[in-house]
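What follows is the content of work-v1.txt (compact mmCIF, C-alpha atoms and all ligand atoms).
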```
# COMPACT_ATOMS: atom_id res chain seq x y z
CA MET A 1 -18.61 -9.78 36.14
CA LYS A 2 -14.86 -9.96 35.54
CA HIS A 3 -13.67 -10.37 31.92
CA LEU A 4 -11.05 -13.16 31.65
CA HIS A 5 -10.37 -14.02 28.00
CA SER A 6 -11.32 -12.91 24.51
CA GLY A 7 -11.08 -15.12 21.47
CA LYS A 8 -11.88 -14.09 17.87
CA VAL A 9 -15.56 -14.87 18.34
CA ARG A 10 -16.12 -15.57 22.04
CA ASP A 11 -15.43 -14.07 25.45
CA LEU A 12 -15.00 -15.64 28.87
CA TYR A 13 -16.08 -13.99 32.13
CA GLU A 14 -15.75 -14.99 35.78
CA LEU A 15 -18.95 -15.15 37.85
CA PRO A 16 -19.10 -14.34 41.57
CA GLY A 17 -19.54 -18.05 42.48
CA GLY A 18 -16.31 -19.00 40.64
CA GLU A 19 -18.00 -20.48 37.56
CA LEU A 20 -17.27 -18.99 34.16
CA LEU A 21 -19.59 -17.45 31.57
CA MET A 22 -18.71 -18.17 27.94
CA VAL A 23 -20.36 -15.68 25.54
CA ALA A 24 -20.39 -16.13 21.77
CA ARG A 25 -20.35 -12.95 19.67
CA ASP A 26 -22.03 -12.60 16.26
CA THR A 27 -18.67 -11.84 14.64
CA ILE A 28 -17.29 -13.79 11.70
CA SER A 29 -13.65 -14.05 10.68
CA ALA A 30 -12.10 -14.63 7.26
CA TYR A 31 -8.56 -14.33 5.95
CA ASP A 32 -7.39 -13.66 9.55
CA PHE A 33 -9.61 -10.57 9.85
CA VAL A 34 -12.66 -10.12 12.06
CA LEU A 35 -15.18 -8.83 9.52
CA GLU A 36 -17.82 -6.09 9.62
CA PRO A 37 -20.74 -6.18 10.13
CA VAL A 38 -21.64 -9.03 12.46
CA ILE A 39 -23.86 -11.90 11.29
CA PRO A 40 -27.09 -11.51 13.31
CA ASP A 41 -27.82 -14.54 15.57
CA LYS A 42 -24.55 -16.33 14.63
CA GLY A 43 -23.51 -16.50 18.31
CA LYS A 44 -26.87 -17.95 19.35
CA ILE A 45 -27.04 -20.45 16.45
CA LEU A 46 -23.55 -21.83 17.11
CA THR A 47 -24.03 -21.88 20.89
CA GLN A 48 -27.23 -23.90 20.48
CA LEU A 49 -25.48 -26.24 18.01
CA SER A 50 -22.58 -26.78 20.43
CA LEU A 51 -25.00 -27.48 23.32
CA TRP A 52 -26.72 -30.09 21.14
CA TRP A 53 -23.37 -31.77 20.36
CA PHE A 54 -22.46 -31.77 24.10
CA GLU A 55 -25.68 -33.75 24.70
CA GLN A 56 -24.89 -36.19 21.82
CA LEU A 57 -21.36 -36.77 23.14
CA ALA A 58 -22.08 -37.07 26.87
CA ASP A 59 -21.31 -40.83 26.70
CA VAL A 60 -17.83 -40.11 25.27
CA VAL A 61 -16.68 -37.46 27.74
CA PRO A 62 -18.28 -35.22 30.39
CA ASN A 63 -18.53 -31.52 29.49
CA HIS A 64 -18.12 -28.20 31.25
CA VAL A 65 -21.70 -26.93 30.83
CA ILE A 66 -23.47 -25.99 34.05
CA SER A 67 -26.41 -23.91 32.84
CA THR A 68 -27.81 -22.00 29.88
CA GLU A 69 -29.76 -19.65 32.16
CA LEU A 70 -28.50 -16.09 31.86
CA PRO A 71 -26.93 -15.16 35.24
CA ASP A 72 -28.08 -12.05 37.12
CA GLY A 73 -26.33 -8.96 35.85
CA ALA A 74 -25.66 -10.33 32.37
CA PRO A 75 -27.04 -8.20 29.48
CA ALA A 76 -30.34 -9.54 28.09
CA GLU A 77 -28.84 -9.45 24.57
CA TRP A 78 -26.58 -12.37 25.62
CA ALA A 79 -29.59 -14.68 26.02
CA GLY A 80 -29.13 -17.89 23.99
CA ARG A 81 -25.46 -17.29 23.35
CA ALA A 82 -24.07 -17.36 26.90
CA VAL A 83 -23.32 -20.56 28.81
CA VAL A 84 -22.35 -20.94 32.48
CA VAL A 85 -19.45 -23.44 32.57
CA ARG A 86 -17.27 -25.13 35.14
CA ARG A 87 -13.83 -23.60 35.68
CA LEU A 88 -11.22 -26.15 34.51
CA GLU A 89 -7.43 -26.41 34.42
CA MET A 90 -7.02 -26.34 30.64
CA VAL A 91 -4.79 -28.95 28.96
CA PRO A 92 -1.89 -27.11 27.24
CA VAL A 93 -2.54 -28.80 23.88
CA GLU A 94 -4.93 -27.85 21.06
CA CYS A 95 -6.62 -31.18 20.36
CA VAL A 96 -7.29 -31.46 16.63
CA ALA A 97 -8.55 -34.43 14.61
CA ARG A 98 -8.56 -34.55 10.83
CA GLY A 99 -10.54 -36.82 8.54
CA TYR A 100 -9.57 -34.92 5.39
CA LEU A 101 -6.33 -33.28 4.27
CA THR A 102 -6.30 -29.49 3.79
CA GLY A 103 -4.88 -26.25 5.22
CA SER A 104 -1.80 -26.49 7.43
CA GLY A 105 -1.98 -30.31 7.42
CA LEU A 106 -1.75 -30.37 3.63
CA LYS A 107 1.23 -27.99 3.70
CA GLU A 108 3.03 -30.25 6.21
CA TYR A 109 2.15 -33.37 4.18
CA ARG A 110 3.58 -31.81 0.99
CA ARG A 111 6.85 -31.08 2.85
CA SER A 112 7.22 -34.31 4.78
CA GLY A 113 4.66 -36.93 3.72
CA SER A 114 3.26 -36.79 7.25
CA VAL A 115 1.19 -34.61 9.58
CA CYS A 116 2.28 -34.21 13.21
CA GLY A 117 4.62 -37.15 12.67
CA VAL A 118 1.82 -39.40 11.39
CA PRO A 119 2.92 -40.88 8.01
CA LEU A 120 0.25 -40.71 5.28
CA PRO A 121 -0.09 -42.54 1.94
CA GLU A 122 1.48 -40.98 -1.15
CA GLY A 123 -0.61 -39.15 -3.73
CA LEU A 124 -2.99 -37.30 -1.43
CA VAL A 125 -4.28 -33.93 -2.65
CA ASP A 126 -6.16 -30.95 -1.17
CA GLY A 127 -9.45 -32.31 0.14
CA SER A 128 -8.44 -35.98 0.11
CA LYS A 129 -10.23 -38.16 2.62
CA LEU A 130 -7.70 -39.80 4.95
CA PRO A 131 -7.71 -43.59 5.34
CA GLU A 132 -8.57 -43.05 9.02
CA PRO A 133 -9.10 -39.88 11.09
CA ILE A 134 -5.82 -38.79 12.73
CA PHE A 135 -4.93 -36.86 15.90
CA THR A 136 -2.97 -33.74 14.83
CA PRO A 137 -2.37 -31.71 18.01
CA THR A 138 -0.76 -28.29 18.13
CA THR A 139 0.69 -26.02 20.76
CA LYS A 140 -1.49 -23.25 22.18
CA ALA A 141 0.26 -20.25 20.69
CA ALA A 142 0.02 -16.85 22.33
CA LEU A 143 -2.46 -14.41 20.75
CA GLY A 144 -1.27 -13.48 17.28
CA ALA A 145 1.32 -16.26 17.04
CA HIS A 146 0.67 -19.46 15.08
CA ASP A 147 -0.09 -22.82 16.70
CA GLU A 148 2.78 -25.24 15.98
CA PRO A 149 2.19 -28.92 15.11
CA MET A 150 3.08 -31.42 17.86
CA THR A 151 4.08 -35.04 17.41
CA PHE A 152 2.41 -37.54 19.72
CA ALA A 153 5.79 -37.95 21.48
CA GLU A 154 5.80 -34.21 22.20
CA VAL A 155 2.28 -34.47 23.66
CA VAL A 156 3.55 -37.33 25.85
CA SER A 157 6.42 -35.09 27.03
CA ALA A 158 3.92 -32.35 27.83
CA VAL A 159 1.23 -34.31 29.66
CA GLY A 160 2.48 -37.88 30.16
CA ALA A 161 1.71 -41.06 28.19
CA GLU A 162 -1.61 -41.96 29.80
CA VAL A 163 -3.11 -38.50 29.38
CA ALA A 164 -1.72 -38.16 25.84
CA GLU A 165 -3.40 -41.43 24.88
CA ARG A 166 -6.69 -40.22 26.43
CA LEU A 167 -6.49 -36.89 24.55
CA ARG A 168 -6.01 -38.76 21.27
CA GLU A 169 -8.81 -41.24 22.04
CA VAL A 170 -11.35 -38.55 23.00
CA THR A 171 -10.44 -36.18 20.15
CA VAL A 172 -10.62 -38.85 17.44
CA GLU A 173 -13.85 -40.35 18.87
CA ILE A 174 -15.56 -36.93 19.00
CA TYR A 175 -14.46 -36.34 15.41
CA ARG A 176 -15.68 -39.78 14.27
CA ARG A 177 -19.08 -39.31 15.91
CA GLY A 178 -19.50 -35.80 14.57
CA ALA A 179 -18.30 -36.62 11.07
CA ARG A 180 -20.55 -39.69 10.79
CA LEU A 181 -23.69 -37.88 11.94
CA ALA A 182 -22.94 -34.83 9.78
CA ALA A 183 -22.22 -36.97 6.70
CA GLU A 184 -25.68 -38.55 7.06
CA ARG A 185 -27.05 -35.01 6.82
CA GLY A 186 -24.99 -33.89 3.81
CA ILE A 187 -22.20 -32.05 5.64
CA ILE A 188 -18.55 -33.11 5.64
CA VAL A 189 -16.71 -32.24 8.85
CA ALA A 190 -13.16 -32.19 7.49
CA ASP A 191 -11.47 -31.53 10.83
CA THR A 192 -12.28 -30.27 14.29
CA LYS A 193 -10.54 -28.67 17.28
CA ILE A 194 -11.64 -29.35 20.83
CA GLU A 195 -10.47 -28.01 24.19
CA LEU A 196 -10.15 -30.28 27.22
CA GLY A 197 -9.50 -29.41 30.83
CA TRP A 198 -9.18 -30.98 34.26
CA SER A 199 -11.93 -30.59 36.83
CA PRO A 200 -10.96 -30.05 40.49
CA GLU A 201 -11.90 -33.74 40.98
CA GLY A 202 -9.28 -34.75 38.37
CA GLU A 203 -11.74 -35.65 35.62
CA LEU A 204 -10.94 -34.84 31.96
CA VAL A 205 -13.78 -32.59 30.75
CA LEU A 206 -14.75 -31.30 27.30
CA ALA A 207 -14.71 -27.49 27.29
CA ASP A 208 -15.05 -24.57 24.87
CA GLU A 209 -17.39 -25.29 21.95
CA VAL A 210 -17.68 -28.52 19.97
CA LEU A 211 -18.22 -29.37 16.29
CA THR A 212 -19.33 -25.92 15.15
CA PRO A 213 -18.31 -24.21 11.88
CA ASP A 214 -16.04 -22.01 14.04
CA SER A 215 -14.16 -24.96 15.56
CA SER A 216 -14.32 -27.22 12.50
CA ARG A 217 -14.24 -27.12 8.72
CA PHE A 218 -17.75 -27.73 7.38
CA TRP A 219 -17.99 -28.61 3.66
CA PRO A 220 -21.17 -29.29 1.64
CA ALA A 221 -20.88 -33.02 0.87
CA ASP A 222 -22.49 -32.70 -2.58
CA ARG A 223 -19.69 -30.35 -3.70
CA TRP A 224 -16.73 -32.41 -2.42
CA ALA A 225 -14.10 -32.60 -5.20
CA PRO A 226 -10.57 -33.47 -4.02
CA GLY A 227 -7.80 -31.69 -5.93
CA GLY A 228 -8.28 -28.10 -4.78
CA PRO A 229 -9.77 -25.89 -2.05
CA GLN A 230 -13.22 -27.18 -1.03
CA PRO A 231 -16.13 -24.75 -0.73
CA SER A 232 -16.93 -23.86 2.86
CA PHE A 233 -20.48 -24.64 3.99
CA ASP A 234 -20.78 -21.39 5.91
CA LYS A 235 -18.07 -19.00 4.74
CA GLN A 236 -18.05 -19.43 0.96
CA PHE A 237 -20.40 -16.50 0.23
CA VAL A 238 -18.13 -14.29 2.37
CA ARG A 239 -14.90 -15.52 0.76
CA ASP A 240 -16.26 -15.23 -2.79
CA TRP A 241 -17.53 -11.69 -2.19
CA LEU A 242 -14.32 -10.50 -0.46
CA THR A 243 -12.21 -11.76 -3.38
CA SER A 244 -14.61 -10.41 -6.03
CA ALA A 245 -14.00 -7.29 -8.12
CA GLU A 246 -17.11 -5.76 -6.51
CA ALA A 247 -15.45 -5.75 -3.08
CA GLY A 248 -12.39 -3.98 -4.48
CA TRP A 249 -10.21 -5.45 -1.74
CA ASP A 250 -6.53 -6.25 -2.28
CA ARG A 251 -5.91 -9.13 0.13
CA ALA A 252 -2.12 -8.80 -0.34
CA SER A 253 -2.22 -5.18 0.81
CA GLY A 254 -2.76 -6.16 4.45
CA ASP A 255 -5.60 -3.62 4.54
CA PRO A 256 -8.72 -4.74 6.40
CA PRO A 257 -11.51 -5.98 4.10
CA PRO A 258 -14.51 -3.76 3.30
CA PRO A 259 -17.78 -4.34 5.17
CA LEU A 260 -19.95 -7.17 3.84
CA PRO A 261 -23.07 -6.09 1.91
CA PRO A 262 -26.48 -6.96 3.44
CA HIS A 263 -27.24 -9.79 0.99
CA ILE A 264 -23.97 -11.58 1.92
CA VAL A 265 -24.72 -11.12 5.63
CA GLU A 266 -28.24 -12.56 5.22
CA ARG A 267 -27.15 -15.52 3.04
CA THR A 268 -24.41 -16.35 5.55
CA ARG A 269 -26.87 -16.18 8.45
CA ALA A 270 -29.12 -18.55 6.50
CA LYS A 271 -26.23 -21.03 6.10
CA TYR A 272 -25.64 -21.10 9.86
CA ILE A 273 -29.34 -21.75 10.43
CA GLU A 274 -29.29 -24.44 7.71
CA ALA A 275 -26.33 -26.20 9.37
CA TYR A 276 -28.07 -26.08 12.77
CA GLU A 277 -31.41 -27.39 11.45
CA ARG A 278 -29.88 -30.14 9.27
CA LEU A 279 -27.63 -31.42 12.06
CA THR A 280 -30.00 -31.19 15.03
CA GLY A 281 -33.33 -31.77 13.27
CA ARG A 282 -34.62 -28.82 15.31
CA ALA A 283 -36.02 -25.52 13.96
CA PHE A 284 -33.91 -22.52 14.98
CA GLY A 285 -35.76 -19.75 16.72
N1 LIG A 301 -13.98 -23.14 27.71
C1 LIG A 301 -13.36 -23.04 28.69
C2 LIG A 301 -12.62 -22.88 29.92
C3 LIG A 301 -13.09 -23.48 31.11
N2 LIG A 301 -14.28 -24.19 31.15
N3 LIG A 301 -12.37 -23.34 32.26
C4 LIG A 301 -11.21 -22.63 32.25
N4 LIG A 301 -10.73 -22.06 31.17
C5 LIG A 301 -11.39 -22.16 29.97
C6 LIG A 301 -10.78 -21.51 28.81
C7 LIG A 301 -9.91 -20.42 28.87
N5 LIG A 301 -9.52 -20.11 27.60
N6 LIG A 301 -10.06 -21.00 26.78
C8 LIG A 301 -9.72 -20.95 25.34
C9 LIG A 301 -10.79 -20.53 24.43
N7 LIG A 301 -11.66 -19.49 25.00
C10 LIG A 301 -13.01 -20.03 24.98
C11 LIG A 301 -14.01 -19.02 25.45
O1 LIG A 301 -13.85 -17.74 24.80
C12 LIG A 301 -12.55 -17.18 24.88
C13 LIG A 301 -11.50 -18.17 24.35
C14 LIG A 301 -10.85 -21.86 27.47
```

Will you turn the file into structure tokens for me?
Amino acid sequence: MKHLHSGKVRDLYELPGGELLMVARDTISAYDFVLEPVIPDKGKILTQLSLWWFEQLADVVPNHVISTELPDGAPAEWAGRAVVVRRLEMVPVECVARGYLTGSGLKEYRRSGSVCGVPLPEGLVDGSKLPEPIFTPTTKAALGAHDEPMTFAEVVSAVGAEVAERLREVTVEIYRRGARLAAERGIIVADTKIELGWSPEGELVLADEVLTPDSSRFWPADRWAPGGPQPSFDKQFVRDWLTSAEAGWDRASGDPPPPLPPHIVERTRAKYIEAYERLTGRAFG
């Protein structure tokens, strides 16, 4: 099959019939590096979580999933982490919704009191819950470049008013539904990025992955403490080890980080399984 795209953690292939095959790798990224070694089963765990969310959200927006059966010719090791999807005309906007202020949104807020042109109350800090979830779209930067924030007016210029309104409505609704369900299970979804595309029939369809720790910030709710960086549900063991004296890594050097030790790999794998089982109520395996 023909390779089309590679992201940090997933690849896209073209199948003979014109559909696409989206394959999740077991790789994990931190501090803008793809780390070594992989986290066993991460691709399968997050693919199964995303498939579950697609089912939960089918009443909000149709999705691009065709089949989870491994197509002929695909390596057996892709089983469980490869999804046959419809080929769409992707919308040229990264659709992001935020329910909490952190990362690039916090930086923009500190400079301007707003995020993507949306004015926010004074006095917010890192990790603050926003009064309402907001649509904070960005451009789709080329590989290696940074996505740039877009105001809603810029989205309108890019795709027209009606589509812009629909992008905002779908993105915020998916965030609200995901954040509410996750909160009931002890996980804060601080923000999420979705990808939307047009089907040949002109329908707006949810693509990519949805509400996974790769597309969203997952925080343990019982450790939420606004006023500084929040612990990551899935990546905190990795971040703490990489910045520990034991790792001996100088982040400012630009050198790639050292490989993760086995106990960090295993504890991180366990966190992905914990997120899957708490959210879906299903045992992984
Ligand atoms: N999903 C999807 C999809 C689709 N259903 N139809 C056409 N194009 C795309 C597509 C093309 N690029 N991306 C960006 C993110 N990719 C995700 C997969 O892994 C590689 C990166 C999405």

Pick from A:Ala164, A:Val210, A:Leu57, A:Ala158, whichever lies nearest to ligand LIG 301 (chain A) using all atoms listed in the file: A:Val210

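Each of A:Val9, A:Leu88, A:Met22, A:Leu101 was compared to Pro131 (chain A) using all atoms listed in the file, and A:Leu101 turns out to be the nearest.
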
Shell of 9 Å around ligand LIG 301 (chain A) (all atoms listed in the file), written as a ChimeraX atom specification: /A:4-13,19-24,63-65,84-90,195-199,205-209

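Here CA of Pro261 (chain A) is placed at a distance of 27.4 Å from CA of Trp224 (chain A).
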
Residue neighbourhood Glu94 (chain A), 10 Å, only C-alpha atoms, exclusion window fewer than 2 positions, as a ChimeraX atom specification: /A:90-92,96-97,136-141,147-150,167,193-196

Residue among A:Gly99, A:Ile134, A:Arg278, A:Glu246 lying closest to Ser114 (chain A), counting only C-alpha atoms: A:Ile134

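Residues within 12 Å of Glu266 (chain A), counting all atoms listed in the file and excluding same-chain residues fewer than 2 positions away, are Pro37, Val38, Ile39, Pro40, Asp41, Lys42, Asp234, Phe237, Val238, Leu260, Pro261, Pro262, His263, Ile264, Thr268, Arg269, Ala270, Lys271, Tyr272 and Ile273 of chain A.
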
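Minimum atom-to-atom distances from A:Val189, A:Leu49, A:Ala183, A:Ala225 to Pro133 (chain A) were compared using all atoms listed in the file, and the lowest value belongs to A:Val189.
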
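Ranking A:Ala58, A:Leu242, A:Ala153, A:Cys95 by their shortest atom-to-atom distance to Gly117 (chain A), with all atoms listed in the file included, puts A:Ala153 first.
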
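Our summary of the geometry notes that CA of Ser215 (chain A) is positioned 13.2 Å from CA of Ala179 (chain A).
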
Of the listed residues A:Gly17, A:Tyr31, A:Gly228, A:Arg239, that which approaches Leu124 (chain A) most closely, counting only C-alpha atoms: A:Gly228

Gap from CA of Ala245 (chain A) to CA of Phe233 (chain A) - Å, one decimal: 22.1 Å

Given the point (-10.1, -13.9, 0.2) in the coordinates of this file, which residues lie within 12 Å, counting only C-alpha atoms, and how would they look as a PDB file with C-alpha atoms, in the coordinates of the input?
```
ATOM      1  CA  SER A  29     -13.650 -14.050  10.680  1.00  0.00           C
ATOM      2  CA  ALA A  30     -12.100 -14.630   7.260  1.00  0.00           C
ATOM      3  CA  TYR A  31      -8.560 -14.330   5.950  1.00  0.00           C
ATOM      4  CA  ASP A  32      -7.390 -13.660   9.550  1.00  0.00           C
ATOM      5  CA  PHE A  33      -9.610 -10.570   9.850  1.00  0.00           C
ATOM      6  CA  LEU A  35     -15.180  -8.830   9.520  1.00  0.00           C
ATOM      7  CA  LYS A 235     -18.070 -19.000   4.740  1.00  0.00           C
ATOM      8  CA  GLN A 236     -18.050 -19.430   0.960  1.00  0.00           C
ATOM      9  CA  PHE A 237     -20.400 -16.500   0.230  1.00  0.00           C
ATOM     10  CA  VAL A 238     -18.130 -14.290   2.370  1.00  0.00           C
ATOM     11  CA  ARG A 239     -14.900 -15.520   0.760  1.00  0.00           C
ATOM     12  CA  ASP A 240     -16.260 -15.230  -2.790  1.00  0.00           C
ATOM     13  CA  TRP A 241     -17.530 -11.690  -2.190  1.00  0.00           C
ATOM     14  CA  LEU A 242     -14.320 -10.500  -0.460  1.00  0.00           C
ATOM     15  CA  THR A 243     -12.210 -11.760  -3.380  1.00  0.00           C
ATOM     16  CA  SER A 244     -14.610 -10.410  -6.030  1.00  0.00           C
ATOM     17  CA  ALA A 245     -14.000  -7.290  -8.120  1.00  0.00           C
ATOM     18  CA  ALA A 247     -15.450  -5.750  -3.080  1.00  0.00           C
ATOM     19  CA  GLY A 248     -12.390  -3.980  -4.480  1.00  0.00           C
ATOM     20  CA  TRP A 249     -10.210  -5.450  -1.740  1.00  0.00           C
ATOM     21  CA  ASP A 250      -6.530  -6.250  -2.280  1.00  0.00           C
ATOM     22  CA  ARG A 251      -5.910  -9.130   0.130  1.00  0.00           C
ATOM     23  CA  ALA A 252      -2.120  -8.800  -0.340  1.00  0.00           C
ATOM     24  CA  SER A 253      -2.220  -5.180   0.810  1.00  0.00           C
ATOM     25  CA  GLY A 254      -2.760  -6.160   4.450  1.00  0.00           C
ATOM     26  CA  PRO A 256      -8.720  -4.740   6.400  1.00  0.00           C
ATOM     27  CA  PRO A 257     -11.510  -5.980   4.100  1.00  0.00           C
ATOM     28  CA  PRO A 258     -14.510  -3.760   3.300  1.00  0.00           C
TER      29      PRO A 258
END
```

Selection: 12 Å around Gly281 (chain A), all atoms listed in the file, excl. self and same-chain fewer than 6 positions, as a VMD selection string: chain A and resid 49 52 181 to 182 184 to 185 273 to 275
